[in-house]
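J.: Structure provided below as structure tokens; questions to follow.
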Amino acid sequence: MTGPGVLVPQVPLARVAPAGLTAVGDSRVTVLLVEDDDGDALLVEETLRDSGLAVRLTRARSLAEARRELSGENGPPAECVLLDLHLPDAQGLDVVGQVLDVAPRAAVVVLTGLAEEGVGLSAVAAGAQDYLIKGVFEPTVLARSVRYAVQRRQIEQATMALEASRMRAQENARLERGLLPSPLLHGAGVQVVSRYEPSRALGLLSGDFYDVVEAPDGTVHAVIGDVSGHGPDEAALGVCLRVAWRSFTLAGVTGTAVCELMQKVLVAERTGSEIFATVTTVELPPGMARAKVVRAGHPPLLLRDPAGVRLVETAVGPALGLLPEGHRHWREDHVDLPAAGGLALFTDGLFEGRVSAGGRRLGEEGLLALARRNAGRSAEEFVTALISETRALSADHGGHSDDVALLHLEWNEQK
């Protein structure tokens with residue numbers, strides 16, 4: 001065997017597995033040896049060869065050369081860097097940080113002298129995965145150190161990515177919770193119960209939206225809507241339309257006029273001309289004798305009274321964004337209200353789940369049947385039952401694939 005005192009040629013070590021190893025394709029560990037001493041470099045090469053570890057080895061004699069190798073200019077950057085801390089152009093623990101700056105995914109194993117074990121420990125604290133003392137380690141020790149360093153680095157990277165993802169999810173959740181509506185009611189005439197379940201994973205918002213506000217004259221205004229699509233763009237547009245509706249309503253714009261303004265907002269903010277939104281607005285005046293309803297392509301309402309539940313169909317116009325602006329496409333309708341009762345507004349995701357192997361959907365009539373079975377429940381229980389039972393019916397047939405919003409407005413007999 002050639003000893004450490006023999007010089008090796010001044011060229012990078014070959015990018016091949018050492019002779020006699022059973023490396024196949026890209027299964028070899030890519031290793032960059034950063035070492036300016038030719039004798040030490042040869043010792044590491046021969047120790048790797050004797051270890052049986054399948055590697056593709058490249059050498060750099062300075063930090064500048066190492067940067068070029070790790071930049072990816074000459075192929076994929078190394079998975080593991082065997083790093084000497086005494087280089088012609090860099091010295092000390094800062095070398096570890098500089099290598100990681102260039103190749104943050106690489107595992108670093110520091111090579112130290114016999115009297116520098118404390119430096120090796122400090123290098124690990126600075127971000128290296130391991131350290132070895134030159135001239136002491138056996139082939140099996142070197143192989144194990146390289147393998148474990150690569151594995152530890154991969155685990156660290158996966159853990160950091162998972163933590164970053166978790167932090168982003170928490171931040172998004174906080175932002176989305178802040179965008180969910182809080183009913184703006186001054187009196188106790190109307191009680192509100194709502195449920196909101198987006199279909200997209202890890203999301204709190206969807207294209208569905210709802211809101212409730214009370215005007216100074218005591219009229220309670222409610223809206224529910226559904227933007228076509230299920231992604232974050234649709235969720236953002238849903239929030240935009242909800243906030244616009246609240247602003248317009250508090251400014252005194254109601255009925256069909258508010259639909260016209262919401263359509264202007266939709267057209268201005270949507271990301272494609274094919275995007276539309278269905279909307280229902282409801283006005284409950286003081287005394288609750290008669291509700292004013294405007295529907296733009298949206299499903300009907302459920303009306304609850306002491307006698308039971310019925311589906312209420314009112315005049316309906318096209319969804320927002322489907323027809324040109326400048327024309328009045330919608331009209332107001334009215335619904336006589338019981339002295340005590342409730343109105344349930346919902347998006348189509350509530351009843352569009354498949355409930356049979358043949359693909360049959362629950363539909364509005366199926367939803368009405370469920371509502372009638374739960375007619376005697378409290379508002380909270382009624383809303384919960386509609387959500388849970390419709391989901392249970394579709395669970396074995398693909399589940400709910402659409403967002404669901406359900407808004408229940410309840411009132412008692414006015415004194």
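Labels for the structure tokens follow display order: chains A, B, ..., residues from 1 in each chain, ligands from 1.
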Would you kindly return, as a CSV table (one decimal) with N, CA and C atoms, in the first residue's frame, each protein, DNA or RNA residue with an atom no farther than 8 Å from any atom of range 236-243 of chain A, considering only C-alpha atoms and excluding same-chain residues fewer than 4 positions away?
T.:
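File written: result05.csv
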```csv
chain,number,residue,atom,x,y,z
A,179,LEU,N,-60.0,36.1,9.2
A,179,LEU,CA,-60.9,36.4,8.0
A,179,LEU,C,-62.2,35.8,8.1
A,180,LEU,N,-62.5,34.9,9.1
A,180,LEU,CA,-63.8,34.3,9.2
A,180,LEU,C,-64.7,35.4,9.8
A,206,SER,N,-62.6,28.7,2.3
A,206,SER,CA,-62.9,28.2,1.0
A,206,SER,C,-63.6,29.3,0.2
A,207,GLY,N,-64.1,28.9,-0.9
A,207,GLY,CA,-64.8,29.9,-1.7
A,207,GLY,C,-66.2,30.2,-1.2
A,208,ASP,N,-66.7,29.4,-0.2
A,208,ASP,CA,-68.0,29.7,0.4
A,208,ASP,C,-67.8,30.8,1.4
A,209,PHE,N,-68.8,31.6,1.6
A,209,PHE,CA,-68.8,32.7,2.6
A,209,PHE,C,-70.1,33.0,3.1
A,210,TYR,N,-70.2,33.6,4.3
A,210,TYR,CA,-71.5,34.1,4.9
A,210,TYR,C,-71.2,35.2,5.8
A,211,ASP,N,-72.2,35.9,6.2
A,211,ASP,CA,-72.0,37.0,7.1
A,211,ASP,C,-73.4,37.5,7.6
A,225,GLY,N,-72.8,32.8,0.2
A,225,GLY,CA,-72.4,32.7,-1.2
A,225,GLY,C,-71.4,31.6,-1.4
A,226,ASP,N,-71.1,31.3,-2.6
A,226,ASP,CA,-70.3,30.2,-3.0
A,226,ASP,C,-69.6,30.6,-4.3
A,227,VAL,N,-68.2,30.8,-4.2
A,227,VAL,CA,-67.4,31.1,-5.4
A,227,VAL,C,-67.1,29.8,-6.1
A,232,PRO,N,-57.0,28.4,-3.0
A,232,PRO,CA,-56.8,29.6,-2.2
A,232,PRO,C,-57.2,30.9,-2.9
A,247,SER,N,-69.6,45.9,3.9
A,247,SER,CA,-69.3,47.4,3.7
A,247,SER,C,-70.5,48.0,3.0
A,262,MET,N,-71.7,43.8,-5.8
A,262,MET,CA,-70.8,42.6,-5.6
A,262,MET,C,-70.4,42.0,-6.9
A,265,VAL,N,-67.3,43.9,-8.0
A,265,VAL,CA,-66.2,43.5,-7.3
A,265,VAL,C,-65.7,42.1,-7.8
A,266,LEU,N,-66.6,41.2,-8.0
A,266,LEU,CA,-66.2,39.9,-8.5
A,266,LEU,C,-65.5,40.0,-9.8
A,269,GLU,N,-61.9,41.4,-9.3
A,269,GLU,CA,-61.0,40.6,-8.5
A,269,GLU,C,-60.8,39.2,-9.0
A,270,ARG,N,-61.6,38.6,-9.8
A,270,ARG,CA,-61.5,37.2,-10.1
A,270,ARG,C,-60.2,37.0,-11.0
```
J.: Pick from A:Val119, A:Leu100, A:Met288, A:Leu111: nearest to Glu35 in chain A, with only C-alpha atoms counted?
T.: A:Leu111
J.: Pick out each residue of range 231-335 of chain A that DSSP on the backbone tags as strand (DSSP E or B); I need them as a VMD selection string.
T.: chain A and resid 277 to 284 290 to 297 301 to 305 308 to 312 316 to 317 320 333 to 335
J.: Keeping C-alpha atoms, export the residues of the selection given above as a short mmCIF file (atom, residue, chain, number, x, y, z; two decimals), in the first residue's frame.
T.:
```
data_model
loop_
_atom_site.label_atom_id
_atom_site.label_comp_id
_atom_site.auth_asym_id
_atom_site.auth_seq_id
_atom_site.Cartn_x
_atom_site.Cartn_y
_atom_site.Cartn_z
CA ALA A 277 -70.42 33.16 -7.49
CA THR A 278 -73.87 32.21 -6.28
CA VAL A 279 -75.35 34.43 -3.56
CA THR A 280 -78.43 34.74 -1.38
CA THR A 281 -79.17 37.83 0.70
CA VAL A 282 -81.87 37.98 3.36
CA GLU A 283 -83.31 40.94 5.27
CA LEU A 284 -85.22 40.35 8.51
CA ARG A 290 -91.73 39.18 6.37
CA ALA A 291 -88.24 38.53 4.99
CA LYS A 292 -86.86 40.10 1.83
CA VAL A 293 -84.81 37.63 -0.23
CA VAL A 294 -82.59 38.09 -3.29
CA ARG A 295 -81.09 34.99 -4.91
CA ALA A 296 -78.37 34.93 -7.55
CA GLY A 297 -78.12 31.35 -8.74
CA LEU A 301 -83.82 28.17 1.90
CA LEU A 302 -85.12 25.96 4.68
CA LEU A 303 -87.85 27.60 6.80
CA ARG A 304 -88.45 26.16 10.27
CA ASP A 305 -91.59 26.79 12.31
CA GLY A 308 -91.97 21.50 10.86
CA VAL A 309 -89.55 22.37 8.04
CA ARG A 310 -90.20 23.29 4.42
CA LEU A 311 -88.07 24.24 1.44
CA VAL A 312 -88.69 27.82 0.33
CA VAL A 316 -83.85 33.48 -8.61
CA GLY A 317 -81.56 35.26 -11.07
CA LEU A 320 -72.80 36.82 -10.21
CA ASP A 333 -88.89 38.40 -3.33
CA HIS A 334 -90.60 38.07 0.03
CA VAL A 335 -91.23 35.22 2.45
#
```
J.: Fewer than 5 positions away in the same chain doesn't count, so skip those; otherwise give me all residues within 12 Å of Arg391 in chain A, counting only C-alpha atoms, as a compact mmCIF listing (two decimals) with N, CA and C atoms, in the first residue's frame.
T.:
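out_4.txt, written as the output of this step:
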```txt
# COMPACT_ATOMS: atom_id res chain seq x y z
N GLU A 197 -67.12 24.42 6.60
CA GLU A 197 -66.19 23.31 6.42
C GLU A 197 -65.64 23.32 5.00
N GLY A 349 -72.75 22.43 -1.40
CA GLY A 349 -71.93 21.33 -0.90
C GLY A 349 -72.63 20.49 0.15
N LEU A 350 -73.65 21.06 0.80
CA LEU A 350 -74.37 20.34 1.84
C LEU A 350 -75.17 19.17 1.28
N PHE A 351 -75.69 19.31 0.05
CA PHE A 351 -76.59 18.28 -0.47
C PHE A 351 -76.08 17.62 -1.75
N GLU A 352 -74.87 17.92 -2.18
CA GLU A 352 -74.38 17.35 -3.44
C GLU A 352 -73.52 16.11 -3.26
N GLY A 353 -73.36 15.64 -2.02
CA GLY A 353 -72.60 14.41 -1.80
C GLY A 353 -73.32 13.20 -2.39
N ARG A 354 -72.57 12.24 -2.88
CA ARG A 354 -73.16 11.01 -3.45
C ARG A 354 -73.56 10.07 -2.32
N VAL A 355 -74.76 9.48 -2.46
CA VAL A 355 -75.29 8.65 -1.38
C VAL A 355 -75.61 7.23 -1.83
N ARG A 361 -76.98 11.60 -5.95
CA ARG A 361 -76.68 12.63 -4.96
C ARG A 361 -77.85 12.80 -4.00
N LEU A 362 -77.56 13.35 -2.83
CA LEU A 362 -78.60 13.55 -1.84
C LEU A 362 -79.68 14.48 -2.37
N LEU A 367 -82.13 16.43 1.41
CA LEU A 367 -81.77 17.33 2.52
C LEU A 367 -83.01 17.72 3.31
N LEU A 370 -83.98 14.98 5.68
CA LEU A 370 -83.13 14.99 6.87
C LEU A 370 -83.54 16.12 7.81
N THR A 384 -75.90 20.96 13.52
CA THR A 384 -74.93 19.88 13.68
C THR A 384 -75.42 18.59 13.02
N ALA A 385 -76.71 18.30 13.19
CA ALA A 385 -77.27 17.08 12.61
C ALA A 385 -77.25 17.11 11.09
N LEU A 386 -77.57 18.24 10.49
CA LEU A 386 -77.55 18.32 9.03
C LEU A 386 -76.15 18.07 8.49
N ASP A 396 -69.34 6.55 2.46
CA ASP A 396 -68.97 5.32 1.74
C ASP A 396 -68.99 5.48 0.23
N HIS A 397 -69.23 6.69 -0.25
CA HIS A 397 -69.35 6.91 -1.70
C HIS A 397 -68.52 8.11 -2.16
N GLY A 398 -67.38 8.28 -1.53
CA GLY A 398 -66.47 9.35 -1.92
C GLY A 398 -66.46 10.55 -1.01
N GLY A 399 -67.43 10.62 -0.08
CA GLY A 399 -67.45 11.74 0.86
C GLY A 399 -67.83 13.05 0.21
N HIS A 400 -67.84 14.10 1.02
CA HIS A 400 -68.13 15.44 0.51
C HIS A 400 -66.92 15.95 -0.26
N SER A 401 -67.12 16.37 -1.48
CA SER A 401 -66.01 16.90 -2.28
C SER A 401 -66.09 18.40 -2.43
N ASP A 402 -67.14 19.01 -1.88
CA ASP A 402 -67.33 20.45 -2.04
C ASP A 402 -67.31 21.10 -0.66
N ASP A 403 -67.06 22.41 -0.66
CA ASP A 403 -67.11 23.17 0.57
C ASP A 403 -68.55 23.21 1.09
N VAL A 404 -68.69 23.39 2.40
CA VAL A 404 -70.01 23.45 3.01
C VAL A 404 -70.09 24.66 3.93
```
J.: Apply DSSP to the structure's backbone, then extract all residues of range 253-386 of chain A labelled helix (DSSP H, G or I) and return them as a PyMOL selection string.
T.: chain A and resi 255-269+348-350+363-373+379-386
J.: Keeping C-alpha atoms for every residue in the selection just given, could you write it to a file as a PDB file, in the first residue's frame?
T.:
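Everything below was put into part35.pdb:
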```pdb
ATOM      1  CA  GLY A 255     -81.496  44.220  -2.141  1.00  0.00           C
ATOM      2  CA  THR A 256     -80.634  43.903  -5.802  1.00  0.00           C
ATOM      3  CA  ALA A 257     -78.345  46.928  -5.627  1.00  0.00           C
ATOM      4  CA  VAL A 258     -75.912  45.084  -3.390  1.00  0.00           C
ATOM      5  CA  CYS A 259     -75.794  42.182  -5.887  1.00  0.00           C
ATOM      6  CA  GLU A 260     -74.925  44.611  -8.669  1.00  0.00           C
ATOM      7  CA  LEU A 261     -72.047  46.062  -6.649  1.00  0.00           C
ATOM      8  CA  MET A 262     -70.821  42.611  -5.586  1.00  0.00           C
ATOM      9  CA  GLN A 263     -70.762  41.575  -9.239  1.00  0.00           C
ATOM     10  CA  LYS A 264     -68.525  44.569 -10.015  1.00  0.00           C
ATOM     11  CA  VAL A 265     -66.170  43.479  -7.256  1.00  0.00           C
ATOM     12  CA  LEU A 266     -66.203  39.885  -8.496  1.00  0.00           C
ATOM     13  CA  VAL A 267     -65.385  40.842 -12.078  1.00  0.00           C
ATOM     14  CA  ALA A 268     -62.576  43.129 -10.911  1.00  0.00           C
ATOM     15  CA  GLU A 269     -61.004  40.627  -8.516  1.00  0.00           C
ATOM     16  CA  ASP A 348     -74.780  23.304  -2.444  1.00  0.00           C
ATOM     17  CA  GLY A 349     -71.925  21.331  -0.900  1.00  0.00           C
ATOM     18  CA  LEU A 350     -74.369  20.336   1.842  1.00  0.00           C
ATOM     19  CA  GLY A 363     -80.218  16.551  -3.522  1.00  0.00           C
ATOM     20  CA  GLU A 364     -82.483  19.215  -2.078  1.00  0.00           C
ATOM     21  CA  GLU A 365     -85.354  16.804  -1.418  1.00  0.00           C
ATOM     22  CA  GLY A 366     -83.038  14.421   0.434  1.00  0.00           C
ATOM     23  CA  LEU A 367     -81.769  17.329   2.520  1.00  0.00           C
ATOM     24  CA  LEU A 368     -85.346  18.359   3.279  1.00  0.00           C
ATOM     25  CA  ALA A 369     -86.124  14.839   4.509  1.00  0.00           C
ATOM     26  CA  LEU A 370     -83.132  14.992   6.875  1.00  0.00           C
ATOM     27  CA  ALA A 371     -84.202  18.440   8.068  1.00  0.00           C
ATOM     28  CA  ARG A 372     -87.714  17.222   8.818  1.00  0.00           C
ATOM     29  CA  ARG A 373     -86.380  14.300  10.854  1.00  0.00           C
ATOM     30  CA  ALA A 379     -80.842  25.400  16.383  1.00  0.00           C
ATOM     31  CA  GLU A 380     -77.376  24.184  17.416  1.00  0.00           C
ATOM     32  CA  GLU A 381     -78.423  20.540  17.299  1.00  0.00           C
ATOM     33  CA  PHE A 382     -80.306  21.028  14.021  1.00  0.00           C
ATOM     34  CA  VAL A 383     -77.279  22.498  12.259  1.00  0.00           C
ATOM     35  CA  THR A 384     -74.928  19.877  13.675  1.00  0.00           C
ATOM     36  CA  ALA A 385     -77.274  17.077  12.613  1.00  0.00           C
ATOM     37  CA  LEU A 386     -77.551  18.316   9.033  1.00  0.00           C
TER      38      LEU A 386
END
```
J.: Given the choices A:Val31, A:Gly272, A:Ala307, A:Tyr131, which gets closest to Gly118 in chain A if the distance is worked out from only C-alpha atoms?
T.: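 Once distances to Gly118 in chain A are computed over only C-alpha atoms, the minimum belongs to A:Tyr131.
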J.: Could you please determine the separation between CA of Val190 in chain A and CA of Gly342 in chain A in Å, to one decimal place?
T.: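 CA of Gly342 in chain A lies at a distance of 9.1 Å from CA of Val190 in chain A.
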J.: Give me, please, the distance in Å between CA of Leu32 in chain A and CA of Ala78 in chain A, quoted to one decimal.
T.: 5.8 Å
J.: For Arg246 in chain A, which residue among A:Ala215, A:Gly229, A:Leu409, A:Ser273 is the nearest when counting only C-alpha atoms?
T.: A:Ala215
J.: Hey, can you check how far CA of Ala395 in chain A sits from CA of Asp233 in chain A?
T.: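 These two atoms are separated by 27.4 Å.
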